[in-house]
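Colleague: This is start_29.pdb (PDB, N, CA, C and O atoms and all ligand atoms).
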```pdb
ATOM      1  N   MET A   1     170.871  96.405 133.507  1.00  0.00           N
ATOM      2  CA  MET A   1     170.286  95.481 134.450  1.00  0.00           C
ATOM      3  C   MET A   1     170.327  94.093 133.826  1.00  0.00           C
ATOM      4  O   MET A   1     169.810  93.884 132.736  1.00  0.00           O
ATOM      5  N   LEU A   2     170.984  93.160 134.510  1.00  0.00           N
ATOM      6  CA  LEU A   2     171.075  91.793 134.007  1.00  0.00           C
ATOM      7  C   LEU A   2     169.883  90.977 134.496  1.00  0.00           C
ATOM      8  O   LEU A   2     169.500  91.069 135.663  1.00  0.00           O
ATOM      9  N   VAL A   3     169.306  90.208 133.585  1.00  0.00           N
ATOM     10  CA  VAL A   3     168.141  89.388 133.881  1.00  0.00           C
ATOM     11  C   VAL A   3     168.427  87.980 133.388  1.00  0.00           C
ATOM     12  O   VAL A   3     168.973  87.796 132.296  1.00  0.00           O
ATOM     13  N   GLU A   4     168.067  86.983 134.199  1.00  0.00           N
ATOM     14  CA  GLU A   4     168.211  85.595 133.776  1.00  0.00           C
ATOM     15  C   GLU A   4     167.168  85.269 132.723  1.00  0.00           C
ATOM     16  O   GLU A   4     166.002  85.642 132.852  1.00  0.00           O
ATOM     17  N   GLY A   5     167.602  84.624 131.651  1.00  0.00           N
ATOM     18  CA  GLY A   5     166.696  84.253 130.588  1.00  0.00           C
ATOM     19  C   GLY A   5     166.318  82.797 130.658  1.00  0.00           C
ATOM     20  O   GLY A   5     166.827  82.076 131.525  1.00  0.00           O
ATOM     21  N   PRO A   6     165.506  82.356 129.747  1.00  0.00           N
ATOM     22  CA  PRO A   6     164.902  83.157 128.687  1.00  0.00           C
ATOM     23  C   PRO A   6     163.913  84.161 129.259  1.00  0.00           C
ATOM     24  O   PRO A   6     163.363  83.961 130.335  1.00  0.00           O
ATOM     25  N   VAL A   7     163.728  85.267 128.510  1.00  0.00           N
ATOM     26  CA  VAL A   7     162.874  86.333 129.006  1.00  0.00           C
ATOM     27  C   VAL A   7     162.056  86.921 127.861  1.00  0.00           C
ATOM     28  O   VAL A   7     162.517  86.994 126.716  1.00  0.00           O
ATOM     29  N   GLU A   8     160.836  87.302 128.180  1.00  0.00           N
ATOM     30  CA  GLU A   8     159.978  88.009 127.235  1.00  0.00           C
ATOM     31  C   GLU A   8     159.586  89.326 127.892  1.00  0.00           C
ATOM     32  O   GLU A   8     159.116  89.338 129.024  1.00  0.00           O
ATOM     33  N   VAL A   9     159.804  90.423 127.184  1.00  0.00           N
ATOM     34  CA  VAL A   9     159.549  91.757 127.725  1.00  0.00           C
ATOM     35  C   VAL A   9     158.441  92.412 126.918  1.00  0.00           C
ATOM     36  O   VAL A   9     158.502  92.434 125.681  1.00  0.00           O
ATOM     37  N   GLU A  10     157.446  92.939 127.618  1.00  0.00           N
ATOM     38  CA  GLU A  10     156.382  93.681 126.941  1.00  0.00           C
ATOM     39  C   GLU A  10     156.787  95.145 126.874  1.00  0.00           C
ATOM     40  O   GLU A  10     157.101  95.757 127.889  1.00  0.00           O
ATOM     41  N   LEU A  11     156.772  95.697 125.667  1.00  0.00           N
ATOM     42  CA  LEU A  11     157.178  97.079 125.450  1.00  0.00           C
ATOM     43  C   LEU A  11     155.981  98.014 125.591  1.00  0.00           C
ATOM     44  O   LEU A  11     154.826  97.575 125.631  1.00  0.00           O
ATOM     45  N   ALA A  12     156.267  99.306 125.659  1.00  0.00           N
ATOM     46  CA  ALA A  12     155.222 100.305 125.875  1.00  0.00           C
ATOM     47  C   ALA A  12     154.165 100.284 124.779  1.00  0.00           C
ATOM     48  O   ALA A  12     152.993 100.580 125.031  1.00  0.00           O
ATOM     49  N   ASP A  13     154.568  99.917 123.559  1.00  0.00           N
ATOM     50  CA  ASP A  13     153.600  99.898 122.451  1.00  0.00           C
ATOM     51  C   ASP A  13     152.795  98.602 122.387  1.00  0.00           C
ATOM     52  O   ASP A  13     152.011  98.401 121.458  1.00  0.00           O
ATOM     53  N   GLY A  14     153.007  97.720 123.348  1.00  0.00           N
ATOM     54  CA  GLY A  14     152.254  96.476 123.402  1.00  0.00           C
ATOM     55  C   GLY A  14     152.941  95.311 122.713  1.00  0.00           C
ATOM     56  O   GLY A  14     152.514  94.167 122.874  1.00  0.00           O
ATOM     57  N   SER A  15     153.984  95.581 121.955  1.00  0.00           N
ATOM     58  CA  SER A  15     154.726  94.497 121.314  1.00  0.00           C
ATOM     59  C   SER A  15     155.599  93.800 122.362  1.00  0.00           C
ATOM     60  O   SER A  15     155.761  94.299 123.486  1.00  0.00           O
ATOM     61  N   THR A  16     156.157  92.667 121.979  1.00  0.00           N
ATOM     62  CA  THR A  16     157.018  91.939 122.908  1.00  0.00           C
ATOM     63  C   THR A  16     158.369  91.671 122.263  1.00  0.00           C
ATOM     64  O   THR A  16     158.490  91.598 121.041  1.00  0.00           O
ATOM     65  N   ALA A  17     159.369  91.560 123.113  1.00  0.00           N
ATOM     66  CA  ALA A  17     160.716  91.191 122.682  1.00  0.00           C
ATOM     67  C   ALA A  17     161.100  89.953 123.472  1.00  0.00           C
ATOM     68  O   ALA A  17     160.860  89.881 124.680  1.00  0.00           O
ATOM     69  N   PHE A  18     161.689  88.980 122.777  1.00  0.00           N
ATOM     70  CA  PHE A  18     162.048  87.718 123.413  1.00  0.00           C
ATOM     71  C   PHE A  18     163.533  87.462 123.254  1.00  0.00           C
ATOM     72  O   PHE A  18     164.125  87.750 122.215  1.00  0.00           O
ATOM     73  N   SER A  19     164.142  86.948 124.310  1.00  0.00           N
ATOM     74  CA  SER A  19     165.527  86.503 124.240  1.00  0.00           C
ATOM     75  C   SER A  19     165.621  85.137 124.902  1.00  0.00           C
ATOM     76  O   SER A  19     165.090  84.938 125.997  1.00  0.00           O
ATOM     77  N   ASP A  20     166.301  84.199 124.255  1.00  0.00           N
ATOM     78  CA  ASP A  20     166.490  82.877 124.841  1.00  0.00           C
ATOM     79  C   ASP A  20     167.888  82.709 125.435  1.00  0.00           C
ATOM     80  O   ASP A  20     168.292  81.615 125.789  1.00  0.00           O
ATOM     81  N   ARG A  21     168.610  83.823 125.563  1.00  0.00           N
ATOM     82  CA  ARG A  21     169.934  83.764 126.182  1.00  0.00           C
ATOM     83  C   ARG A  21     169.789  83.462 127.673  1.00  0.00           C
ATOM     84  O   ARG A  21     168.759  83.770 128.288  1.00  0.00           O
ATOM     85  N   SER A  22     170.828  82.906 128.269  1.00  0.00           N
ATOM     86  CA  SER A  22     170.761  82.559 129.695  1.00  0.00           C
ATOM     87  C   SER A  22     170.810  83.807 130.573  1.00  0.00           C
ATOM     88  O   SER A  22     170.261  83.826 131.670  1.00  0.00           O
ATOM     89  N   VAL A  23     171.479  84.853 130.106  1.00  0.00           N
ATOM     90  CA  VAL A  23     171.515  86.144 130.791  1.00  0.00           C
ATOM     91  C   VAL A  23     171.434  87.226 129.724  1.00  0.00           C
ATOM     92  O   VAL A  23     172.123  87.148 128.700  1.00  0.00           O
ATOM     93  N   VAL A  24     170.610  88.228 129.958  1.00  0.00           N
ATOM     94  CA  VAL A  24     170.457  89.312 129.000  1.00  0.00           C
ATOM     95  C   VAL A  24     170.465  90.635 129.759  1.00  0.00           C
ATOM     96  O   VAL A  24     170.022  90.713 130.909  1.00  0.00           O
ATOM     97  N   ALA A  25     170.979  91.688 129.122  1.00  0.00           N
ATOM     98  CA  ALA A  25     171.039  93.006 129.749  1.00  0.00           C
ATOM     99  C   ALA A  25     169.915  93.884 129.211  1.00  0.00           C
ATOM    100  O   ALA A  25     169.804  94.078 128.002  1.00  0.00           O
ATOM    101  N   LEU A  26     169.093  94.374 130.129  1.00  0.00           N
ATOM    102  CA  LEU A  26     168.029  95.308 129.756  1.00  0.00           C
ATOM    103  C   LEU A  26     168.558  96.723 129.855  1.00  0.00           C
ATOM    104  O   LEU A  26     169.281  97.063 130.790  1.00  0.00           O
ATOM    105  N   CYS A  27     168.194  97.546 128.903  1.00  0.00           N
ATOM    106  CA  CYS A  27     168.621  98.941 128.916  1.00  0.00           C
ATOM    107  C   CYS A  27     167.809  99.719 129.953  1.00  0.00           C
ATOM    108  O   CYS A  27     166.585  99.654 129.971  1.00  0.00           O
ATOM    109  N   THR A  28     168.503 100.451 130.795  1.00  0.00           N
ATOM    110  CA  THR A  28     167.835 101.321 131.762  1.00  0.00           C
ATOM    111  C   THR A  28     168.162 102.787 131.522  1.00  0.00           C
ATOM    112  O   THR A  28     167.672 103.655 132.230  1.00  0.00           O
ATOM    113  N   CYS A  29     168.997 103.073 130.497  1.00  0.00           N
ATOM    114  CA  CYS A  29     169.379 104.469 130.241  1.00  0.00           C
ATOM    115  C   CYS A  29     168.590 105.088 129.090  1.00  0.00           C
ATOM    116  O   CYS A  29     168.666 106.283 128.873  1.00  0.00           O
ATOM    117  N   ARG A  30     167.868 104.277 128.336  1.00  0.00           N
ATOM    118  CA  ARG A  30     167.047 104.713 127.198  1.00  0.00           C
ATOM    119  C   ARG A  30     167.872 105.228 126.022  1.00  0.00           C
ATOM    120  O   ARG A  30     167.377 105.986 125.196  1.00  0.00           O
ATOM    121  N   ARG A  31     169.126 104.856 125.933  1.00  0.00           N
ATOM    122  CA  ARG A  31     169.962 105.286 124.815  1.00  0.00           C
ATOM    123  C   ARG A  31     170.212 104.159 123.818  1.00  0.00           C
ATOM    124  O   ARG A  31     170.835 104.381 122.790  1.00  0.00           O
ATOM    125  N   THR A  32     169.762 102.976 124.110  1.00  0.00           N
ATOM    126  CA  THR A  32     170.005 101.838 123.226  1.00  0.00           C
ATOM    127  C   THR A  32     169.335 102.038 121.869  1.00  0.00           C
ATOM    128  O   THR A  32     168.291 102.687 121.760  1.00  0.00           O
ATOM    129  N   ARG A  33     169.937 101.444 120.857  1.00  0.00           N
ATOM    130  CA  ARG A  33     169.337 101.476 119.515  1.00  0.00           C
ATOM    131  C   ARG A  33     168.550 100.201 119.240  1.00  0.00           C
ATOM    132  O   ARG A  33     168.047 100.016 118.142  1.00  0.00           O
ATOM    133  N   ARG A  34     168.506  99.311 120.207  1.00  0.00           N
ATOM    134  CA  ARG A  34     167.716  98.095 120.024  1.00  0.00           C
ATOM    135  C   ARG A  34     166.984  97.740 121.326  1.00  0.00           C
ATOM    136  O   ARG A  34     167.275  96.750 121.976  1.00  0.00           O
ATOM    137  N   PRO A  35     166.038  98.589 121.718  1.00  0.00           N
ATOM    138  CA  PRO A  35     165.294  98.366 122.955  1.00  0.00           C
ATOM    139  C   PRO A  35     164.534  97.043 122.927  1.00  0.00           C
ATOM    140  O   PRO A  35     164.098  96.619 121.857  1.00  0.00           O
ATOM    141  N   PRO A  36     164.360  96.377 124.026  1.00  0.00           N
ATOM    142  CA  PRO A  36     164.716  96.812 125.388  1.00  0.00           C
ATOM    143  C   PRO A  36     166.123  96.391 125.803  1.00  0.00           C
ATOM    144  O   PRO A  36     166.488  96.548 126.956  1.00  0.00           O
ATOM    145  N   TRP A  37     166.920  95.879 124.876  1.00  0.00           N
ATOM    146  CA  TRP A  37     168.222  95.319 125.227  1.00  0.00           C
ATOM    147  C   TRP A  37     169.299  96.387 125.287  1.00  0.00           C
ATOM    148  O   TRP A  37     169.335  97.302 124.452  1.00  0.00           O
ATOM    149  N   CYS A  38     170.198  96.243 126.212  1.00  0.00           N
ATOM    150  CA  CYS A  38     171.366  97.128 126.303  1.00  0.00           C
ATOM    151  C   CYS A  38     172.303  96.818 125.140  1.00  0.00           C
ATOM    152  O   CYS A  38     172.623  95.659 124.893  1.00  0.00           O
ATOM    153  N   ASP A  39     172.710  97.845 124.407  1.00  0.00           N
ATOM    154  CA  ASP A  39     173.688  97.658 123.327  1.00  0.00           C
ATOM    155  C   ASP A  39     174.994  98.390 123.638  1.00  0.00           C
ATOM    156  O   ASP A  39     175.785  98.645 122.749  1.00  0.00           O
ATOM    157  N   THR A  40     175.193  98.730 124.869  1.00  0.00           N
ATOM    158  CA  THR A  40     176.360  99.441 125.419  1.00  0.00           C
ATOM    159  C   THR A  40     176.438 100.898 124.984  1.00  0.00           C
ATOM    160  O   THR A  40     177.464 101.540 125.157  1.00  0.00           O
ATOM    161  N   SER A  41     175.355 101.441 124.430  1.00  0.00           N
ATOM    162  CA  SER A  41     175.361 102.863 124.065  1.00  0.00           C
ATOM    163  C   SER A  41     175.559 103.754 125.286  1.00  0.00           C
ATOM    164  O   SER A  41     176.030 104.887 125.153  1.00  0.00           O
ATOM    165  N   HIS A  42     175.236 103.262 126.458  1.00  0.00           N
ATOM    166  CA  HIS A  42     175.399 104.058 127.676  1.00  0.00           C
ATOM    167  C   HIS A  42     176.858 104.456 127.883  1.00  0.00           C
ATOM    168  O   HIS A  42     177.129 105.491 128.474  1.00  0.00           O
ATOM    169  N   ARG A  43     177.783 103.673 127.380  1.00  0.00           N
ATOM    170  CA  ARG A  43     179.205 103.956 127.600  1.00  0.00           C
ATOM    171  C   ARG A  43     179.662 105.233 126.921  1.00  0.00           C
ATOM    172  O   ARG A  43     180.550 105.921 127.412  1.00  0.00           O
ATOM    173  N   ALA A  44     179.090 105.579 125.797  1.00  0.00           N
ATOM    174  CA  ALA A  44     179.524 106.752 125.035  1.00  0.00           C
ATOM    175  C   ALA A  44     178.942 108.045 125.578  1.00  0.00           C
ATOM    176  O   ALA A  44     179.281 109.120 125.108  1.00  0.00           O
ATOM    177  N   HIS A  45     178.092 107.962 126.580  1.00  0.00           N
ATOM    178  CA  HIS A  45     177.411 109.161 127.062  1.00  0.00           C
ATOM    179  C   HIS A  45     177.754 109.490 128.509  1.00  0.00           C
ATOM    180  O   HIS A  45     177.033 110.208 129.167  1.00  0.00           O
ATOM    181  N   ARG A  46     178.846 108.959 128.974  1.00  0.00           N
ATOM    182  CA  ARG A  46     179.265 109.314 130.333  1.00  0.00           C
ATOM    183  C   ARG A  46     179.787 110.742 130.347  1.00  0.00           C
ATOM    184  O   ARG A  46     180.349 111.233 129.372  1.00  0.00           O
ATOM    185  N   LEU A  47     179.635 111.397 131.474  1.00  0.00           N
ATOM    186  CA  LEU A  47     180.164 112.739 131.618  1.00  0.00           C
ATOM    187  C   LEU A  47     181.682 112.676 131.663  1.00  0.00           C
ATOM    188  O   LEU A  47     182.255 111.699 132.148  1.00  0.00           O
ATOM    189  N   PRO A  48     182.348 113.713 131.170  1.00  0.00           N
ATOM    190  CA  PRO A  48     183.806 113.709 131.267  1.00  0.00           C
ATOM    191  C   PRO A  48     184.213 113.776 132.734  1.00  0.00           C
ATOM    192  O   PRO A  48     183.454 114.256 133.573  1.00  0.00           O
ATOM    193  N   PRO A  49     185.396 113.274 133.057  1.00  0.00           N
ATOM    194  CA  PRO A  49     185.830 113.289 134.454  1.00  0.00           C
ATOM    195  C   PRO A  49     185.963 114.714 134.973  1.00  0.00           C
ATOM    196  O   PRO A  49     186.241 115.639 134.212  1.00  0.00           O
ATOM    197  N   GLU A  50     185.727 114.863 136.266  1.00  0.00           N
ATOM    198  CA  GLU A  50     185.882 116.174 136.897  1.00  0.00           C
ATOM    199  C   GLU A  50     187.334 116.619 136.775  1.00  0.00           C
ATOM    200  O   GLU A  50     188.253 115.793 136.837  1.00  0.00           O
ATOM    201  N   PRO A  51     187.551 117.935 136.581  1.00  0.00           N
ATOM    202  CA  PRO A  51     188.936 118.404 136.541  1.00  0.00           C
ATOM    203  C   PRO A  51     189.608 118.143 137.883  1.00  0.00           C
ATOM    204  O   PRO A  51     188.993 118.248 138.930  1.00  0.00           O
ATOM    205  N   ARG A  52     190.858 117.758 137.807  1.00  0.00           N
ATOM    206  CA  ARG A  52     191.587 117.463 139.037  1.00  0.00           C
ATOM    207  C   ARG A  52     192.084 118.760 139.659  1.00  0.00           C
ATOM    208  O   ARG A  52     192.287 119.746 138.988  1.00  0.00           O
ATOM    209  N   PHE A  53     192.280 118.708 140.974  1.00  0.00           N
ATOM    210  CA  PHE A  53     192.807 119.846 141.700  1.00  0.00           C
ATOM    211  C   PHE A  53     194.221 120.128 141.225  1.00  0.00           C
ATOM    212  O   PHE A  53     195.042 119.225 141.084  1.00  0.00           O
ATOM    213  N   THR A  54     194.497 121.384 140.934  1.00  0.00           N
ATOM    214  CA  THR A  54     195.837 121.788 140.536  1.00  0.00           C
ATOM    215  C   THR A  54     196.423 122.647 141.647  1.00  0.00           C
ATOM    216  O   THR A  54     195.882 123.705 141.959  1.00  0.00           O
ATOM    217  N   PRO A  55     197.476 122.196 142.289  1.00  0.00           N
ATOM    218  CA  PRO A  55     198.046 122.986 143.390  1.00  0.00           C
ATOM    219  C   PRO A  55     198.603 124.306 142.868  1.00  0.00           C
ATOM    220  O   PRO A  55     199.055 124.396 141.725  1.00  0.00           O
ATOM    221  N   PRO A  56     198.541 125.366 143.691  1.00  0.00           N
ATOM    222  CA  PRO A  56     199.084 126.651 143.247  1.00  0.00           C
ATOM    223  C   PRO A  56     200.591 126.544 143.029  1.00  0.00           C
ATOM    224  O   PRO A  56     201.270 125.761 143.680  1.00  0.00           O
ATOM    225  N   THR A  57     201.063 127.322 142.088  1.00  0.00           N
ATOM    226  CA  THR A  57     202.502 127.319 141.831  1.00  0.00           C
ATOM    227  C   THR A  57     203.182 128.282 142.779  1.00  0.00           C
ATOM    228  O   THR A  57     202.544 129.142 143.388  1.00  0.00           O
ATOM    229  N   ALA A  58     204.489 128.149 142.925  1.00  0.00           N
ATOM    230  CA  ALA A  58     205.250 129.012 143.824  1.00  0.00           C
ATOM    231  C   ALA A  58     205.047 130.464 143.431  1.00  0.00           C
ATOM    232  O   ALA A  58     205.037 130.819 142.258  1.00  0.00           O
ATOM    233  N   GLY A  59     204.844 131.307 144.431  1.00  0.00           N
ATOM    234  CA  GLY A  59     204.679 132.735 144.165  1.00  0.00           C
ATOM    235  C   GLY A  59     203.225 133.161 144.166  1.00  0.00           C
ATOM    236  O   GLY A  59     202.932 134.345 144.221  1.00  0.00           O
ATOM    237  N   GLU A  60     202.280 132.225 144.130  1.00  0.00           N
ATOM    238  CA  GLU A  60     200.869 132.586 144.187  1.00  0.00           C
ATOM    239  C   GLU A  60     200.446 132.720 145.637  1.00  0.00           C
ATOM    240  O   GLU A  60     200.958 132.033 146.523  1.00  0.00           O
ATOM    241  N   ASP A  61     199.484 133.591 145.890  1.00  0.00           N
ATOM    242  CA  ASP A  61     198.949 133.745 147.238  1.00  0.00           C
ATOM    243  C   ASP A  61     198.215 132.485 147.649  1.00  0.00           C
ATOM    244  O   ASP A  61     197.624 131.802 146.845  1.00  0.00           O
ATOM    245  N   GLY A  62     198.174 132.230 148.920  1.00  0.00           N
ATOM    246  CA  GLY A  62     197.369 131.136 149.418  1.00  0.00           C
ATOM    247  C   GLY A  62     198.195 130.137 150.022  1.00  0.00           C
ATOM    248  O   GLY A  62     198.144 129.155 150.475  1.00  0.00           O
TER     249      GLY A  62
HETATM  250  S1  LIG B   1     171.928 100.564 129.718  1.00  0.00           S
HETATM  251 FE1  LIG B   1     171.178 101.619 128.003  1.00  0.00          FE
HETATM  252  S2  LIG B   1     172.509 101.069 126.435  1.00  0.00           S
HETATM  253 FE2  LIG B   1     173.237 100.035 128.115  1.00  0.00          FE
END
```
Could the structure of this file be written out as structure tokens, please?
Modeller:
Amino acid sequence: MLVEGPVEVELADGSTAFSDRSVVALCTCRRTRRPPWCDTSHRAHRLPPEPRFTPPTAGEDG
């Protein structure tokens, strides 16, 4: 989730995180190693693509 900065975020433990960037990405997947900011860890946890349909070969029923 992109947010216009500067921004200060209050974390669950009561601490705050501040960014003075003009745009910052907040993590919404909870996989980041530097909360609350997105560190692109979400990219490594995508599900593999669905297997593609394989048409039957000649000689198979159907
Ligand atoms: S949205 Fe969680 S790491 Fe990017």
Colleague: Please report the interatomic distance between atom C of Glu10 (chain A) and CA of Ala44 (chain A) in Å with one decimal.
Modeller: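 Atom-to-atom, atom C of Glu10 (chain A) to CA of Ala44 (chain A), that is 25.6 Å.
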Colleague: Which is closer to ligand LIG 1 (chain B) than all the others in A:Thr57, A:Ser22, A:Ser15, A:Thr32, using only C-alpha atoms and all ligand atoms?
Modeller: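 Counting only C-alpha atoms and all ligand atoms, the residue closest to ligand LIG 1 (chain B) is A:Thr32.
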Colleague: Kindly indicate which residue among A:Ala25, A:Ala17, A:Val9, A:Ala58 lies nearest to Cys38 (chain A), using all atoms listed in the file for the distances.
Modeller: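 Checking each of A:Ala25, A:Ala17, A:Val9, A:Ala58 against Cys38 (chain A), counting all atoms listed in the file, the winner is A:Ala25.
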Colleague: Return as a PDB file with N, CA, C and O atoms, in the coordinates of the input the set of residues that the PyMOL selection byres (((not hetatm)) within 5 of (chain B and resi 1)) yields on the displayed structure.
Modeller:
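The resulting file, expr.pdb, is shown below:
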```pdb
ATOM      1  N   LEU A  26     169.093  94.374 130.129  1.00  0.00           N
ATOM      2  CA  LEU A  26     168.029  95.308 129.756  1.00  0.00           C
ATOM      3  C   LEU A  26     168.558  96.723 129.855  1.00  0.00           C
ATOM      4  O   LEU A  26     169.281  97.063 130.790  1.00  0.00           O
ATOM      5  N   CYS A  27     168.194  97.546 128.903  1.00  0.00           N
ATOM      6  CA  CYS A  27     168.621  98.941 128.916  1.00  0.00           C
ATOM      7  C   CYS A  27     167.809  99.719 129.953  1.00  0.00           C
ATOM      8  O   CYS A  27     166.585  99.654 129.971  1.00  0.00           O
ATOM      9  N   THR A  28     168.503 100.451 130.795  1.00  0.00           N
ATOM     10  CA  THR A  28     167.835 101.321 131.762  1.00  0.00           C
ATOM     11  C   THR A  28     168.162 102.787 131.522  1.00  0.00           C
ATOM     12  O   THR A  28     167.672 103.655 132.230  1.00  0.00           O
ATOM     13  N   CYS A  29     168.997 103.073 130.497  1.00  0.00           N
ATOM     14  CA  CYS A  29     169.379 104.469 130.241  1.00  0.00           C
ATOM     15  C   CYS A  29     168.590 105.088 129.090  1.00  0.00           C
ATOM     16  O   CYS A  29     168.666 106.283 128.873  1.00  0.00           O
ATOM     17  N   ARG A  30     167.868 104.277 128.336  1.00  0.00           N
ATOM     18  CA  ARG A  30     167.047 104.713 127.198  1.00  0.00           C
ATOM     19  C   ARG A  30     167.872 105.228 126.022  1.00  0.00           C
ATOM     20  O   ARG A  30     167.377 105.986 125.196  1.00  0.00           O
ATOM     21  N   ARG A  31     169.126 104.856 125.933  1.00  0.00           N
ATOM     22  CA  ARG A  31     169.962 105.286 124.815  1.00  0.00           C
ATOM     23  C   ARG A  31     170.212 104.159 123.818  1.00  0.00           C
ATOM     24  O   ARG A  31     170.835 104.381 122.790  1.00  0.00           O
ATOM     25  N   THR A  32     169.762 102.976 124.110  1.00  0.00           N
ATOM     26  CA  THR A  32     170.005 101.838 123.226  1.00  0.00           C
ATOM     27  C   THR A  32     169.335 102.038 121.869  1.00  0.00           C
ATOM     28  O   THR A  32     168.291 102.687 121.760  1.00  0.00           O
ATOM     29  N   CYS A  38     170.198  96.243 126.212  1.00  0.00           N
ATOM     30  CA  CYS A  38     171.366  97.128 126.303  1.00  0.00           C
ATOM     31  C   CYS A  38     172.303  96.818 125.140  1.00  0.00           C
ATOM     32  O   CYS A  38     172.623  95.659 124.893  1.00  0.00           O
ATOM     33  N   ASP A  39     172.710  97.845 124.407  1.00  0.00           N
ATOM     34  CA  ASP A  39     173.688  97.658 123.327  1.00  0.00           C
ATOM     35  C   ASP A  39     174.994  98.390 123.638  1.00  0.00           C
ATOM     36  O   ASP A  39     175.785  98.645 122.749  1.00  0.00           O
ATOM     37  N   THR A  40     175.193  98.730 124.869  1.00  0.00           N
ATOM     38  CA  THR A  40     176.360  99.441 125.419  1.00  0.00           C
ATOM     39  C   THR A  40     176.438 100.898 124.984  1.00  0.00           C
ATOM     40  O   THR A  40     177.464 101.540 125.157  1.00  0.00           O
ATOM     41  N   SER A  41     175.355 101.441 124.430  1.00  0.00           N
ATOM     42  CA  SER A  41     175.361 102.863 124.065  1.00  0.00           C
ATOM     43  C   SER A  41     175.559 103.754 125.286  1.00  0.00           C
ATOM     44  O   SER A  41     176.030 104.887 125.153  1.00  0.00           O
ATOM     45  N   HIS A  42     175.236 103.262 126.458  1.00  0.00           N
ATOM     46  CA  HIS A  42     175.399 104.058 127.676  1.00  0.00           C
ATOM     47  C   HIS A  42     176.858 104.456 127.883  1.00  0.00           C
ATOM     48  O   HIS A  42     177.129 105.491 128.474  1.00  0.00           O
TER      49      HIS A  42
END
```
Colleague: At a cut-off of 5 Å, using only N, CA, C and O atoms, what residues contact Ser19 (chain A)? Leave out same-chain residues fewer than 6 positions from it and give the result as a PyMOL selection string.
Modeller: chain A and resi 5-7
